[in-house]
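The next block is work.txt, given as compact mmCIF, C-alpha atoms and all ligand atoms.
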```txt
# COMPACT_ATOMS: atom_id res chain seq x y z
CA MET A 1 9.57 -140.42 -30.41
CA ALA A 2 10.87 -136.92 -29.89
CA TRP A 3 12.06 -136.87 -33.51
CA ASP A 4 8.63 -138.04 -34.72
CA ASN A 5 6.98 -135.21 -32.85
CA PHE A 6 9.48 -132.75 -34.28
CA LYS A 7 8.69 -133.92 -37.82
CA LYS A 8 4.96 -133.53 -37.24
CA ILE A 9 5.50 -129.99 -35.97
CA THR A 10 7.80 -129.20 -38.90
CA PHE A 11 5.26 -130.34 -41.46
CA ARG A 12 2.42 -128.52 -39.77
CA LYS A 13 4.42 -125.33 -40.25
CA LYS A 14 4.69 -126.08 -43.98
CA LYS A 15 0.93 -125.96 -44.44
CA GLY A 16 1.13 -122.65 -46.23
CA ILE A 17 3.45 -124.02 -48.95
CA SER A 18 1.73 -124.41 -52.31
CA ASP A 19 0.25 -127.84 -52.98
CA GLY A 20 2.25 -130.45 -54.82
CA LEU A 21 5.73 -129.75 -53.39
CA TRP A 22 5.45 -132.56 -50.86
CA ILE A 23 3.90 -135.98 -51.25
CA LYS A 24 3.03 -138.67 -48.77
CA CYS A 25 5.05 -141.87 -49.11
CA ASN A 26 2.94 -145.04 -49.02
CA GLY A 27 5.95 -146.95 -47.73
CA CYS A 28 7.03 -145.02 -44.61
CA GLY A 29 4.07 -142.66 -44.29
CA ASN A 30 6.35 -139.58 -44.20
CA MET A 31 5.89 -136.46 -46.24
CA VAL A 32 8.77 -136.34 -48.72
CA TYR A 33 9.97 -133.58 -51.01
CA LYS A 34 8.48 -134.35 -54.43
CA LYS A 35 11.43 -133.04 -56.42
CA ARG A 36 13.82 -135.28 -54.49
CA VAL A 37 11.55 -138.27 -55.15
CA GLU A 38 11.49 -137.47 -58.87
CA GLU A 39 15.28 -137.13 -58.97
CA LYS A 40 15.51 -140.65 -57.57
CA LEU A 41 13.29 -142.04 -60.38
CA HIS A 42 10.17 -141.77 -58.22
CA VAL A 43 11.64 -143.67 -55.29
CA CYS A 44 11.32 -142.51 -51.66
CA PRO A 45 14.73 -141.24 -50.43
CA GLU A 46 13.87 -142.31 -46.88
CA CYS A 47 12.55 -145.88 -47.22
CA ASN A 48 13.22 -146.91 -50.87
CA TYR A 49 9.50 -147.26 -51.61
CA HIS A 50 9.04 -147.43 -55.38
CA PHE A 51 6.10 -145.27 -56.42
CA PRO A 52 4.04 -146.58 -59.37
CA ILE A 53 5.01 -144.65 -62.51
CA SER A 54 3.46 -143.83 -65.86
CA TYR A 55 4.42 -145.58 -69.08
CA GLU A 56 6.25 -142.44 -70.22
CA ASN A 57 8.48 -142.48 -67.15
CA ARG A 58 9.03 -146.21 -67.38
CA ILE A 59 10.23 -145.89 -70.97
CA GLN A 60 12.42 -142.92 -70.05
CA PHE A 61 14.03 -144.71 -67.08
CA LEU A 62 14.53 -148.10 -68.73
CA LEU A 63 15.20 -147.65 -72.43
CA ASP A 64 17.94 -145.81 -74.29
CA GLU A 65 17.00 -142.26 -75.14
CA ASN A 66 14.65 -141.94 -78.13
CA SER A 67 14.96 -145.64 -78.93
CA PHE A 68 11.34 -146.62 -78.31
CA GLU A 69 9.11 -147.12 -81.34
CA GLU A 70 5.56 -147.95 -80.42
CA ARG A 71 3.71 -150.72 -82.28
CA PHE A 72 0.05 -151.71 -82.58
CA ARG A 73 -0.97 -148.36 -81.15
CA ASN A 74 -4.32 -148.35 -82.94
CA LEU A 75 -5.81 -151.36 -81.16
CA GLU A 76 -8.82 -150.17 -79.20
CA PRO A 77 -11.08 -151.96 -76.72
CA THR A 78 -14.75 -152.57 -77.40
CA ASP A 79 -17.59 -153.45 -75.05
CA PRO A 80 -18.69 -156.84 -76.41
CA LEU A 81 -20.93 -157.70 -73.46
CA GLY A 82 -22.48 -154.27 -72.95
CA PHE A 83 -21.24 -154.72 -69.37
CA LYS A 84 -22.72 -152.47 -66.74
CA GLY A 85 -21.71 -152.28 -63.09
CA LEU A 86 -22.09 -149.05 -61.16
CA LYS A 87 -21.07 -147.44 -64.45
CA SER A 88 -21.04 -148.96 -67.94
CA TYR A 89 -17.76 -150.41 -69.25
CA SER A 90 -17.87 -147.91 -72.12
CA GLU A 91 -18.04 -145.03 -69.68
CA ARG A 92 -15.20 -146.39 -67.56
CA LEU A 93 -13.07 -146.90 -70.67
CA ALA A 94 -13.69 -143.36 -71.86
CA LYS A 95 -12.77 -141.99 -68.43
CA ALA A 96 -9.53 -144.00 -68.25
CA GLN A 97 -8.60 -142.98 -71.80
CA LYS A 98 -9.13 -139.33 -71.01
CA ALA A 99 -7.18 -139.51 -67.75
CA THR A 100 -4.14 -141.34 -69.13
CA GLY A 101 -4.02 -140.52 -72.86
CA LEU A 102 -3.82 -144.27 -73.49
CA ARG A 103 -6.25 -146.38 -75.54
CA ASP A 104 -5.81 -149.31 -73.17
CA ALA A 105 -3.49 -150.43 -70.38
CA ALA A 106 -0.63 -151.88 -72.47
CA VAL A 107 2.05 -150.07 -74.45
CA VAL A 108 4.32 -152.19 -76.66
CA GLY A 109 7.08 -151.63 -79.17
CA SER A 110 10.75 -152.01 -79.98
CA GLY A 111 13.62 -150.26 -78.21
CA ARG A 112 17.14 -150.58 -76.87
CA ILE A 113 18.64 -151.11 -73.42
CA LYS A 114 22.30 -150.05 -73.24
CA GLY A 115 22.62 -150.76 -76.95
CA HIS A 116 20.80 -154.13 -76.94
CA ASP A 117 17.83 -154.29 -79.31
CA ILE A 118 14.73 -155.61 -77.56
CA MET A 119 11.00 -155.97 -77.92
CA PHE A 120 9.32 -154.25 -75.02
CA ALA A 121 5.90 -154.17 -73.39
CA MET A 122 4.49 -152.72 -70.23
CA THR A 123 1.15 -152.40 -68.53
CA ASP A 124 0.24 -149.12 -66.86
CA SER A 125 -1.61 -149.46 -63.56
CA ARG A 126 -3.22 -146.05 -64.02
CA PHE A 127 -5.48 -147.49 -66.75
CA MET A 128 -8.13 -149.59 -64.97
CA MET A 129 -5.41 -150.96 -62.68
CA GLY A 130 -3.51 -152.34 -65.68
CA SER A 131 -6.09 -155.10 -66.05
CA MET A 132 -5.87 -157.50 -69.01
CA GLY A 133 -8.69 -157.36 -71.53
CA SER A 134 -8.65 -158.26 -75.22
CA VAL A 135 -6.39 -155.34 -76.23
CA VAL A 136 -3.75 -155.95 -73.54
CA GLY A 137 -3.72 -159.68 -74.38
CA GLU A 138 -3.52 -159.04 -78.11
CA LYS A 139 -0.69 -156.51 -77.76
CA ILE A 140 1.35 -158.78 -75.47
CA THR A 141 0.81 -161.67 -77.90
CA ARG A 142 1.78 -159.64 -80.95
CA ILE A 143 4.94 -158.22 -79.38
CA THR A 144 5.96 -161.72 -78.25
CA GLU A 145 5.51 -162.93 -81.82
CA ALA A 146 7.48 -159.92 -83.07
CA ALA A 147 10.35 -160.88 -80.71
CA HIS A 148 10.08 -164.45 -81.99
CA GLU A 149 10.17 -163.35 -85.60
CA ALA A 150 13.10 -160.98 -85.10
CA GLY A 151 15.05 -163.29 -82.77
CA MET A 152 15.21 -160.56 -80.14
CA PRO A 153 15.03 -160.56 -76.33
CA LEU A 154 11.63 -159.68 -74.88
CA VAL A 155 11.23 -157.47 -71.79
CA ILE A 156 7.78 -157.01 -70.25
CA VAL A 157 7.20 -154.74 -67.27
CA CYS A 158 4.04 -155.77 -65.45
CA GLY A 159 2.04 -153.10 -63.61
CA SER A 160 -1.23 -155.00 -63.49
CA GLY A 161 -3.13 -154.94 -60.23
CA GLY A 162 -6.51 -155.60 -61.80
CA GLY A 163 -5.83 -159.09 -63.17
CA ALA A 164 -8.22 -160.17 -65.90
CA ARG A 165 -10.71 -157.43 -66.78
CA MET A 166 -14.09 -158.70 -65.62
CA ASP A 167 -15.97 -156.27 -67.86
CA GLU A 168 -14.91 -158.41 -70.84
CA GLY A 169 -15.83 -161.72 -69.20
CA MET A 170 -14.58 -164.88 -70.90
CA ILE A 171 -12.83 -162.89 -73.64
CA SER A 172 -10.62 -161.44 -70.94
CA LEU A 173 -9.84 -164.86 -69.42
CA MET A 174 -8.91 -166.19 -72.88
CA GLN A 175 -6.03 -163.71 -72.98
CA MET A 176 -4.26 -165.70 -70.29
CA ALA A 177 -4.14 -168.76 -72.56
CA LYS A 178 -3.34 -166.71 -75.66
CA THR A 179 -0.40 -164.81 -74.17
CA SER A 180 0.94 -167.96 -72.48
CA ALA A 181 0.76 -169.93 -75.74
CA ALA A 182 2.68 -167.25 -77.65
CA MET A 183 5.23 -167.13 -74.84
CA GLY A 184 5.54 -170.92 -74.89
CA ARG A 185 6.30 -170.97 -78.63
CA TYR A 186 8.84 -168.17 -78.27
CA LYS A 187 10.65 -169.77 -75.35
CA GLU A 188 10.64 -173.24 -76.90
CA ALA A 189 12.36 -171.76 -79.95
CA GLY A 190 15.12 -170.35 -77.71
CA GLY A 191 13.86 -166.86 -76.93
CA LEU A 192 14.89 -164.84 -73.90
CA PHE A 193 12.02 -163.40 -71.88
CA ILE A 194 12.80 -161.10 -68.95
CA SER A 195 9.74 -160.39 -66.83
CA VAL A 196 9.88 -157.33 -64.58
CA LEU A 197 7.26 -157.24 -61.82
CA THR A 198 6.32 -153.91 -60.31
CA ASN A 199 3.81 -152.78 -57.73
CA PRO A 200 1.23 -154.22 -58.29
CA SER A 201 1.52 -157.47 -60.30
CA MET A 202 -1.57 -159.51 -59.56
CA GLY A 203 -4.34 -161.74 -60.84
CA GLY A 204 -4.69 -162.89 -64.45
CA ALA A 205 -1.54 -161.11 -65.64
CA MET A 206 0.52 -162.72 -62.90
CA ALA A 207 -1.15 -166.09 -63.53
CA SER A 208 -0.11 -165.97 -67.20
CA PHE A 209 2.65 -164.11 -69.05
CA ALA A 210 4.16 -162.24 -66.08
CA SER A 211 5.21 -165.42 -64.26
CA LEU A 212 6.69 -167.09 -67.36
CA GLY A 213 9.98 -165.20 -67.56
CA ASP A 214 13.28 -167.00 -68.06
CA PHE A 215 14.36 -164.35 -65.56
CA ILE A 216 11.81 -162.83 -63.21
CA LEU A 217 12.94 -159.57 -61.62
CA ALA A 218 10.92 -157.44 -59.22
CA GLU A 219 11.09 -153.94 -57.81
CA PRO A 220 11.40 -153.87 -53.99
CA LYS A 221 8.31 -154.23 -51.81
CA SER A 222 5.96 -154.78 -54.76
CA LEU A 223 2.64 -156.51 -54.23
CA ILE A 224 2.85 -159.76 -56.21
CA GLY A 225 0.37 -162.62 -56.28
CA LEU A 226 -2.95 -163.95 -57.51
CA ALA A 227 -5.62 -162.63 -55.13
CA GLY A 228 -4.82 -159.86 -52.64
CA PRO A 229 -4.03 -160.47 -48.94
CA ARG A 230 -7.55 -159.53 -47.82
CA VAL A 231 -9.13 -162.10 -50.16
CA TRP A 232 -6.70 -164.76 -48.96
CA GLN A 233 -7.41 -163.97 -45.33
CA SER A 234 -11.16 -164.28 -45.90
CA THR A 235 -10.70 -167.73 -47.48
CA VAL A 236 -8.36 -169.13 -44.81
CA GLN A 237 -10.07 -167.63 -41.81
CA ASN A 238 -8.57 -169.98 -39.24
CA GLN A 239 -4.97 -169.39 -40.27
CA LYS A 240 -2.87 -166.31 -39.96
CA ILE A 241 -1.24 -165.14 -43.17
CA PRO A 242 2.55 -164.75 -42.79
CA GLU A 243 3.94 -161.26 -42.41
CA GLY A 244 4.99 -159.67 -45.69
CA PHE A 245 2.83 -162.14 -47.60
CA GLN A 246 2.84 -161.41 -51.37
CA THR A 247 5.67 -158.92 -51.36
CA SER A 248 8.74 -159.14 -53.62
CA GLU A 249 10.87 -160.10 -50.61
CA PHE A 250 8.52 -162.94 -49.61
CA MET A 251 8.36 -164.21 -53.22
CA LEU A 252 12.15 -164.18 -53.51
CA GLU A 253 12.49 -166.18 -50.31
CA HIS A 254 9.97 -168.72 -51.62
CA GLY A 255 11.46 -169.08 -55.10
CA LEU A 256 8.87 -167.40 -57.29
CA ILE A 257 11.20 -164.65 -58.48
CA ASP A 258 14.93 -164.58 -59.22
CA MET A 259 16.06 -161.16 -58.07
CA ILE A 260 14.92 -157.91 -56.48
CA VAL A 261 16.29 -154.96 -58.39
CA ASN A 262 16.12 -151.26 -57.57
CA ARG A 263 14.64 -149.10 -60.30
CA SER A 264 17.93 -147.24 -60.66
CA GLU A 265 19.78 -150.51 -61.40
CA MET A 266 17.22 -152.18 -63.66
CA ARG A 267 18.85 -151.09 -66.93
CA ASP A 268 22.23 -152.47 -65.86
CA VAL A 269 20.82 -155.80 -64.69
CA ILE A 270 18.72 -156.39 -67.83
CA SER A 271 21.63 -155.41 -70.04
CA GLN A 272 23.91 -157.90 -68.24
CA ILE A 273 21.36 -160.71 -68.57
CA ILE A 274 21.07 -160.10 -72.31
CA GLN A 275 24.84 -159.97 -72.62
CA PHE A 276 25.42 -163.26 -70.78
CA CYS A 277 22.29 -165.15 -71.93
CA PRO A 278 21.44 -163.89 -75.41
CA PRO A 279 18.45 -165.51 -77.14
CA ARG A 280 19.35 -168.69 -79.04
CA ILE A 281 16.49 -168.10 -81.40
CA LYS A 282 17.03 -167.43 -85.09
CA ALA A 283 14.93 -164.82 -86.80
CA GLN A 284 11.93 -166.63 -88.26
CA ALA A 285 8.18 -166.50 -88.69
CA PRO A 286 6.24 -167.90 -85.71
CA GLU A 287 3.42 -170.44 -85.87
CA PRO A 288 0.05 -168.79 -86.43
CA ALA A 289 -1.42 -167.51 -83.16
CA LEU A 290 -4.70 -168.65 -81.67
CA ALA A 291 -7.62 -166.88 -83.26
CA ALA A 292 -7.53 -163.28 -82.14
CA VAL A 293 -10.57 -162.29 -80.13
ZN ZN B 1 9.11 -143.63 -47.75
```
As structure tokens - that is how I would like this structure written.
Ligand SMILES: [Zn+2]
Amino acid sequence: MAWDNFKKITFRKKKGISDGLWIKCNGCGNMVYKKRVEEKLHVCPECNYHFPISYENRIQFLLDENSFEERFRNLEPTDPLGFKGLKSYSERLAKAQKATGLRDAAVVGSGRIKGHDIMFAMTDSRFMMGSMGSVVGEKITRITEAAHEAGMPLVIVCGSGGGARMDEGMISLMQMAKTSAAMGRYKEAGGLFISVLTNPSMGGAMASFASLGDFILAEPKSLIGLAGPRVWQSTVQNQKIPEGFQTSEFMLEHGLIDMIVNRSEMRDVISQIIQFCPPRIKAQAPEPALAAV
């Protein structure tokens, strides 16, 4: 208690320091020195909370230097329903594109992890919470087919808290079937799919490709599930939801995931999996995909 008070006093004194040197940790609630957090790959040095990171950082931390070659970059979302909530979908898209420099929430391509050639995809939670619309679904499908064709391992890092993107209605929901079908063909042929779940991995992404890994790894204390804890609590009003519900640790205990891996060790673990369980697939052309929408 005395120490807590001391910390509060200490930070009050730092008020005059220029903004941006300290950030508040969502895990322990403490103010932590930003540079120290960045040195630890955007992980809190006090409680090991893994901050969400941009696609640029993810590529930098996970893949071999300069090995990433982006594919299907030109795919752009449209507004097929003319959807309008508080703001129109077109407006929200434009805002997210401007803020992130991305065209949509997924970035896919080829790369290497400790010398192993892989096909790689990730969703960036900064872009409309990483939700899956037609472009995310199409990119995930295409990169899965590229891994199938090349006989390469596939690594997908999920940072999707938004699930299926409601602004695209049924077209968005179809992506769950489309990505799962491509994944099914790839795995049946002997592919190796390593799914990495990060905070958050929820909804339609989690209910499709993200939960289909031959190996499912997760960063510590990530929110993982279908609907969020508040939605669950409102549907089971008479029951109390267990503590830690829908965290990586809870999912590991209940068998949904295989391993919790710190960000700093993710490269080593993925590299070892590829080394010990290489894909049995031979390079070949996949079956034609479902009609792209
Ligand atoms: Zn912390």
Counting all atoms listed in the file, which protein, DNA or RNA residues come within 7 Å of ligand ZN 1 (chain B), given as a PyMOL selection string? chain A and resi 25-30+44-49
May I ask which of the residues A:Gly162, A:Pro220, A:Pro52, A:Gly115 is the closest one to Ile274 of chain A, counting only C-alpha atoms?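 For Ile274 of chain A, the nearest of the candidates is A:Gly115.
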Spatial neighbours of Ile281 of chain A, max dist 8 Å, only C-alpha atoms, sep filter under 6 positions, as a list in words: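 Residues meeting the cut-off are His148, Gly151, Met152, Ala189, Gly190 and Gly191 of chain A.
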Tell me, in Å to one decimal, how far atom CA of Ile224 of chain A is from atom CA of Ser195 of chain A.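 Separation of atom CA of Ile224 of chain A and atom CA of Ser195 of chain A: 12.7 Å.
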Gap from atom CA of His50 of chain A to atom CA of Val37 of chain A - Å, one decimal: 9.5 Å
Hey, which of A:Asp167, A:Arg230, A:Asp258, A:Met31 ends up closest to Glu91 of chain A? Count all atoms listed in the file.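 That would be A:Asp167, the residue with the smallest distance to Glu91 of chain A.
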Nearest to Gly213 of chain A, restricted to only C-alpha atoms and choosing among A:Met129, A:Ile156, A:Ala164, A:Ala96, comes out as A:Ile156
Using 12 Å as the limit and counting all atoms listed in the file, can you tabulate each residue of segment 197-221 of chain A that touches segment 53-71 of chain A, with its shortest atom-to-atom distance in Å and the two atoms involved, as a tab-separated table?
```
residue	atom	partner	partner_atom	distance
A:Thr198	CA	A:Ile53	CA	9.6
A:Asn199	CA	A:Ile53	CA	9.5
A:Pro200	CA	A:Ile53	CA	11.1
```
Okay, now the selection with C-alpha atoms, as a PDB file, in the coordinates of the input?
```pdb
ATOM      1  CA  THR A 198       6.320-153.910 -60.310  1.00  0.00           C
ATOM      2  CA  ASN A 199       3.810-152.780 -57.730  1.00  0.00           C
ATOM      3  CA  PRO A 200       1.230-154.220 -58.290  1.00  0.00           C
TER       4      PRO A 200
END
```
Mind pulling up the distance from atom CA of Glu39 of chain A to atom CA of Phe215 of chain A?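 Computing it gives 28.0 Å between the two atoms.
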Distance query 12 Å from (2.9, -165.5, -43.5) using all atoms listed in the file, result as an MDAnalysis selection string: chainID A and resid 229 232:233 236 239:247 249:251 253:254
Within-10 Å shell of (3.3, -161.1, -77.6) in input frame, all atoms listed in the file, as a list in words: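 Returned residue set, sorted by chain then number, is Val108, Met119, Phe120, Ala121, Val136, Gly137, Glu138, Lys139, Ile140, Thr141, Arg142, Ile143, Thr144, Glu145, Ala146, Ala147, His148, Leu154, Ile156, Lys178, Thr179, Ser180, Ala181, Ala182, Met183, Tyr186, Phe209 and Ala289 of chain A.
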Env of Ile257 of chain A: 7 Å cut, atoms = only C-alpha atoms, seq-sep filter 2 positions within chain, self excluded. Answer as a ChimeraX atom specification. /A:216-217,251-252,255,259
Same residues, C-alpha atoms, output as a CSV table (one decimal), in the coordinates of the input:
```csv
chain,number,residue,atom,x,y,z
A,216,ILE,CA,11.8,-162.8,-63.2
A,217,LEU,CA,12.9,-159.6,-61.6
A,251,MET,CA,8.4,-164.2,-53.2
A,252,LEU,CA,12.2,-164.2,-53.5
A,255,GLY,CA,11.5,-169.1,-55.1
A,259,MET,CA,16.1,-161.2,-58.1
```
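Among the candidate residues A:Ala227, A:Leu41, A:Ala207, A:Leu173, the one lying nearest to Ser264 of chain A is A:Leu41, with distances computed using all atoms listed in the file.
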Top pick for closest residue to Val196 of chain A, considering A:Ile113, A:Ala105, A:Cys158, A:Ala99 and counting only C-alpha atoms: A:Cys158
Quick one: residues within 7 Å of Gly161 of chain A, only C-alpha atoms, excluding same-chain residues fewer than 3 positions away - as a PyMOL selection string? chain A and resi 125+129-131+200-203
Using all atoms listed in the file, which of A:Thr123, A:Val43, A:Arg36, A:Thr100 sits nearest Glu219 of chain A?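 Under the stated criterion, the closest residue is A:Val43.
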